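> Following this message is one structure expressed as structure tokens.
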Number of protein chains: 2
Amino acid sequence: MDPALTTASSALVDETAAAIRARIMSGEIPIGAQLRQAELAKKLGVSRTPVREALRQLQTGGLIAVVPNRGAVVRVPAPWEVREAYEVRAELEGLACARAVRRITRDGLAELRLVNELLRPGDMPPDTASHAANDRFHIMIHHIAGNERLARVIREINEAFPRNVSALVLHEHPRHRDDNFAEHERILAALEAEDAETARREMQAHVIEAGEQLARWYERRSGTVFHGHGHGHGHGLA
Amino acid sequence: MDPALTTASSALVDETAAAIRARIMSGEIPIGAQLRQAELAKKLGVSRTPVREALRQLQTGGLIAVVPNRGAVVRVPAPWEVREAYEVRAELEGLACARAVRRITRDGLAELRLVNELLRPGDMPPDTASHAANDRFHIMIHHIAGNERLARVIREINEAFPRNVSALVLHEHPRHRDDNFAEHERILAALEAEDAETARREMQAHVIEAGEQLARWYERRSGTVFHGHGHGHGHGLA
DNA sequence: GGCCCAGATTCTGGATCCAATCACTCTATC
DNA sequence: GATAGAGTGATTGGATCCAGAATCTGGGCC
């Protein structure tokens with residue numbers, strides 16, 4: 001990638017941070033769960049020091065919250081936070097799309113279509129693989145846009161919310177998958193037509209819609225689930 | 001502010017990070033300088049542990065680069081990095097402006113004008129105070145926009161580049177100050193006219209222009225200065 | 001029977017210790 | 001005289017130690 005932005009660091013902390021982030025993203029460590037340093041250290045086979053620095057990194061990213069003398073917890077996003085973040089993301093993904101129109105090649109467009117075909121309704125059962133394809137569709141556009149900072153900021157926003165929830169939302173109703181696919185198709189059409197403004201608008205609407213679904217999920221969750229009383233129930237680290 | 005996004009953490013590391021960041025931002029620690037943990041710890045009156053975690057935080061922000069086993073240095077931004085970052089920032093500040101149009105009050109507008117008056121050409125000599133006023137002008141708009149995530153992302157982008165350089169650029173030529181003031185005036189006019197699209201466009205152009213000036217400064221620097229703070233052939237010293 | 005206070009346990013956060021890595025220097029050889 | 005190599009010094013990174021804070025439990029009191 002880019003040697004300037006790729007802060008290599010000391011490997012161990014970055015690997016530790018990546019490992020913890022992955023477990024949160026996959027839902028293995030659920031939102032609201034306590035992150036005990038000693039437990040993570042033992043599980044990952046390192047001492048507490050790298051774990052502490054890794055947690056600090058994740059805290060900066062906003063994925064977890066560290067309260068003084070009380071440790072770290074996986075943040076439970078409030079619905080308004082999701083809407084705020086996705087409004088920002090929509091603007092940025094719109095920009096990425098507008099830039100991509102001027103830079104995309106025929107091969108790139110074909111590849112993009114290929115990825116989106118994986119999301120065509122009816123083709124496959126709702127699983128995590130199709131959600132990965134969904135991510136890849138967006139990431140490919142960021143790459144085509146050719147602005148590393150832009151891609152990085154979007155990625156940082158996404159990393160503030162566990163992906164398993166997004167996957168859940170995408171698949172909880174067939175309607176969502178159908179809409180998602182159709183929106184992607186409209187974006188592809190605008191890219192092919194080299195219509196930057198339409199591409200931007202379609203992508204913005206697409207992201208806002210996804211954010212709204214996600215926000216509604218968190219709304220339902222806060223309405224139905226007692227978030228609290230988490231005194232050492234299984235932690236889920238296996 | 002917001003208890004959810006304000007990751008309070010353990011105070012000491014955050015204070016340490018803020019202190020180091022401030023020294024870099026002010027130019028007291030120049031770009032390219034080595035950041036030795038023991039030295040910083042002694043200077044700040046803490047042990048190396050909080051310093052290490054603070055450096056990790058700053059690394060995540062992109063202000064410094066940490067190379068394994070070789071310590072941290074204040075990053076020297078490449079011109080293309082500045083242009084990339086400011087293109088993203090322009091988009092986001094444009095969004096902030098568009099949102100602000102729909103939310104600003106008469107009092108808010110008056111306050112904004114007052115701050116910008118501090119930047120009127122001829123009123124004061126080029127010093128850091130006027131650059132602080134410049135920052136405040138933008139931050140006030142972010143606040144009025146009422147999207148904390150948006151404000152935070154913009155702030156994070158700004159914190160990737162030392163502010164003293166921005167101040168330097170703003171004042172290195174009277175022309176820059178004049179342009180800067182005039183652009184702010186156009187933004188204010190659009191805000192007062194409740195013309196969201198014009199406000200957005202003016203702010204975008206304003207930020208892009210500032211980014212271009214900053215990028216040019218780094219271009220000149222890399223052309224004239226040995227970057228590497230060269231002890232390359234200095235073995236005969238002392 | 002419920003509430004409040006005190007002690008003990010657990011965990012985080014700061015400091016210190018030690019090993020490993022890297023840079024720099026001095027020397028020996030070509 | 002220049003270059004390659006070994007040795008030494010400095011600095012980072014990982015592990016351990018210790019103190020402070022919070023929580024949980026148990027007992028006493030109302």
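Residue numbers start at 1 in each chain; chains themselves are named A, B, ... in the order of the structure tokens; ligands are numbered from 1 in the order shown.
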With chain A as the partner and 9 Å as the cut-off, tabulate the residues of chain C that qualify, each row holding the nearest pair of atoms and their distance in Å to one decimal, using only C-alpha atoms (C1' of nucleotides), sorted by chain and rising number, as a Markdown table.


| residue | atom | partner | partner_atom | distance |
| --- | --- | --- | --- | --- |
| C:DC11 | C1' | A:Arg70 | CA | 7.8 |
| C:DT12 | C1' | A:Asn69 | CA | 5.0 |
| C:DG13 | C1' | A:Asn69 | CA | 7.2 |

> Pairing every C-alpha atom in order, fit chain B onto chain A and give me the RMSD in Å.

3.1 Å

> Check region 32-114 of chain B with DSSP on the backbone and list each residue it calls helix (DSSP H, G or I), as an MDAnalysis selection string.

chainID B and resid 37:44 48:61 79:103 106:114

> What lies within 8 Å of region 74-91 of chain A using only C-alpha atoms (C1' of nucleotides), ignoring chain neighbours under 4 positions off, as a compact mmCIF listing (two decimals) with N, CA, C and O atoms, in the first residue's frame?


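out_0.txt, freshly written:
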# COMPACT_ATOMS: atom_id res chain seq x y z
N ILE A 24 -14.27 -8.66 17.75
CA ILE A 24 -15.43 -7.79 17.98
C ILE A 24 -16.25 -7.68 16.69
O ILE A 24 -17.48 -7.77 16.71
N PRO A 30 -19.32 -9.77 21.91
CA PRO A 30 -20.51 -8.98 21.56
C PRO A 30 -20.41 -7.54 22.08
O PRO A 30 -19.58 -7.23 22.94
N ILE A 31 -21.24 -6.69 21.53
CA ILE A 31 -21.27 -5.31 21.99
C ILE A 31 -21.70 -5.27 23.45
O ILE A 31 -22.52 -6.06 23.91
N GLY A 32 -21.09 -4.37 24.19
CA GLY A 32 -21.39 -4.24 25.61
C GLY A 32 -20.51 -5.12 26.49
O GLY A 32 -20.49 -4.94 27.70
N ALA A 33 -19.76 -6.06 25.88
CA ALA A 33 -18.96 -6.98 26.68
C ALA A 33 -17.76 -6.29 27.30
O ALA A 33 -17.19 -5.36 26.72
N GLN A 34 -17.40 -6.74 28.48
CA GLN A 34 -16.20 -6.25 29.15
C GLN A 34 -14.96 -6.86 28.49
O GLN A 34 -14.98 -8.04 28.11
N LEU A 35 -13.91 -6.08 28.36
CA LEU A 35 -12.65 -6.57 27.82
C LEU A 35 -11.60 -6.56 28.93
O LEU A 35 -11.03 -5.52 29.24
N GLY A 62 -12.71 4.34 18.34
CA GLY A 62 -14.09 4.51 18.77
C GLY A 62 -14.86 3.21 18.88
O GLY A 62 -16.05 3.22 19.18
N LEU A 63 -14.18 2.09 18.61
CA LEU A 63 -14.88 0.81 18.68
C LEU A 63 -15.16 0.41 20.12
O LEU A 63 -16.18 -0.20 20.42
N ILE A 64 -14.22 0.73 21.01
CA ILE A 64 -14.42 0.40 22.42
C ILE A 64 -14.33 1.68 23.24
O ILE A 64 -13.82 2.70 22.79
N ALA A 65 -14.84 1.63 24.44
CA ALA A 65 -14.76 2.75 25.36
C ALA A 65 -13.96 2.33 26.58
O ALA A 65 -14.16 1.24 27.10
N LEU A 95 -18.41 11.13 -2.70
CA LEU A 95 -17.21 11.70 -3.31
C LEU A 95 -16.39 10.63 -4.01
O LEU A 95 -15.90 10.83 -5.13
N ILE A 154 -13.10 6.51 5.45
CA ILE A 154 -14.31 5.68 5.34
C ILE A 154 -14.13 4.38 6.12
O ILE A 154 -15.01 3.95 6.86
N ILE A 157 -14.49 4.88 9.81
CA ILE A 157 -15.89 5.01 10.24
C ILE A 157 -16.53 3.63 10.33
O ILE A 157 -17.21 3.30 11.30
N PHE A 161 -18.18 0.29 14.02
CA PHE A 161 -19.40 -0.48 14.26
C PHE A 161 -19.15 -1.94 13.88
O PHE A 161 -18.69 -2.21 12.77
N MET A 203 -25.07 6.76 -4.66
CA MET A 203 -24.27 6.20 -3.57
C MET A 203 -24.66 6.82 -2.23
O MET A 203 -24.78 6.11 -1.23
N GLN A 204 -24.86 8.11 -2.23
CA GLN A 204 -25.27 8.77 -0.98
C GLN A 204 -26.57 8.17 -0.46
O GLN A 204 -26.68 7.81 0.71
N ALA A 205 -27.53 8.06 -1.34
CA ALA A 205 -28.83 7.52 -0.93
C ALA A 205 -28.67 6.09 -0.43
O ALA A 205 -29.29 5.69 0.57
N HIS A 206 -27.82 5.34 -1.11
CA HIS A 206 -27.59 3.94 -0.74
C HIS A 206 -27.01 3.84 0.67
O HIS A 206 -27.47 3.02 1.49
N VAL A 207 -26.02 4.66 0.96
CA VAL A 207 -25.38 4.59 2.27
C VAL A 207 -26.33 5.08 3.36
O VAL A 207 -26.41 4.49 4.44
N ILE A 208 -27.04 6.15 3.07
CA ILE A 208 -28.00 6.66 4.06
C ILE A 208 -29.03 5.59 4.39
O ILE A 208 -29.38 5.38 5.55
N GLY A 211 -27.52 3.01 6.57
CA GLY A 211 -27.37 3.56 7.92
C GLY A 211 -28.69 3.58 8.66
O GLY A 211 -28.75 3.30 9.86
N GLU A 212 -29.75 3.90 7.95
CA GLU A 212 -31.06 3.95 8.57
C GLU A 212 -31.47 2.56 9.06
O GLU A 212 -31.99 2.40 10.17
N LEU A 214 -29.45 0.17 9.89
CA LEU A 214 -28.60 -0.17 11.02
C LEU A 214 -29.06 0.56 12.28
O LEU A 214 -29.15 -0.03 13.37
N ALA A 215 -29.38 1.83 12.12
CA ALA A 215 -29.84 2.63 13.27
C ALA A 215 -31.12 2.03 13.84
O ALA A 215 -31.29 1.95 15.06
N ARG A 216 -32.02 1.60 12.95
CA ARG A 216 -33.28 1.01 13.42
C ARG A 216 -33.01 -0.27 14.21
O ARG A 216 -33.68 -0.56 15.20
N TYR A 218 -30.41 -0.94 16.04
CA TYR A 218 -29.96 -0.56 17.39
C TYR A 218 -31.12 0.01 18.21
O TYR A 218 -31.17 -0.15 19.43
N GLU A 219 -32.03 0.69 17.53
CA GLU A 219 -33.22 1.19 18.23
C GLU A 219 -34.03 0.04 18.79
O GLU A 219 -34.43 0.06 19.97
N GLU B 91 -14.73 18.39 1.33
CA GLU B 91 -16.04 17.78 1.18
C GLU B 91 -16.81 17.84 2.51
O GLU B 91 -17.99 18.17 2.55
N LEU B 92 -16.09 17.53 3.59
CA LEU B 92 -16.75 17.47 4.89
C LEU B 92 -17.10 18.86 5.41
O LEU B 92 -18.17 19.06 5.99
N LEU B 95 -20.12 19.95 3.68
CA LEU B 95 -21.31 19.36 4.30
C LEU B 95 -21.68 20.11 5.57
O LEU B 95 -22.86 20.41 5.82
N ASN B 147 -23.36 17.84 14.06
CA ASN B 147 -23.05 16.43 13.84
C ASN B 147 -21.67 16.17 14.43
O ASN B 147 -20.65 16.56 13.87
N GLU B 148 -21.68 15.51 15.59
CA GLU B 148 -20.43 15.35 16.33
C GLU B 148 -19.42 14.51 15.59
O GLU B 148 -18.22 14.77 15.62
N ARG B 149 -19.90 13.48 14.93
CA ARG B 149 -18.99 12.63 14.17
C ARG B 149 -18.33 13.44 13.06
O ARG B 149 -17.12 13.34 12.84
N LEU B 150 -19.10 14.25 12.39
CA LEU B 150 -18.56 15.10 11.33
C LEU B 150 -17.47 16.00 11.88
O LEU B 150 -16.36 16.08 11.33

> Give me the chain A side of the contact with chain D, cut-off 10 Å, one line per residue showing its nearest atom pair and distance in Å at one decimal, counting only C-alpha atoms (C1' of nucleotides), sorted by chain and residue number, as a tab-separated table.


residue	atom	partner	partner_atom	distance
A:Ser10	CA	D:DG13	C1'	7.8
A:Leu12	CA	D:DG13	C1'	9.2
A:Val13	CA	D:DG13	C1'	9.9
A:Val46	CA	D:DG14	C1'	8.6
A:Ser47	CA	D:DA15	C1'	6.5
A:Arg48	CA	D:DA15	C1'	8.2
A:Thr49	CA	D:DG14	C1'	6.9
A:Pro50	CA	D:DG14	C1'	7.7
A:Pro68	CA	D:DA21	C1'	9.3
A:Asn69	CA	D:DA21	C1'	6.3
A:Arg70	CA	D:DA22	C1'	7.1

> Take CA of Phe181 (chain B) and CA of Leu119 (chain B) and report the distance between them in Å, one decimal.

6.2 Å
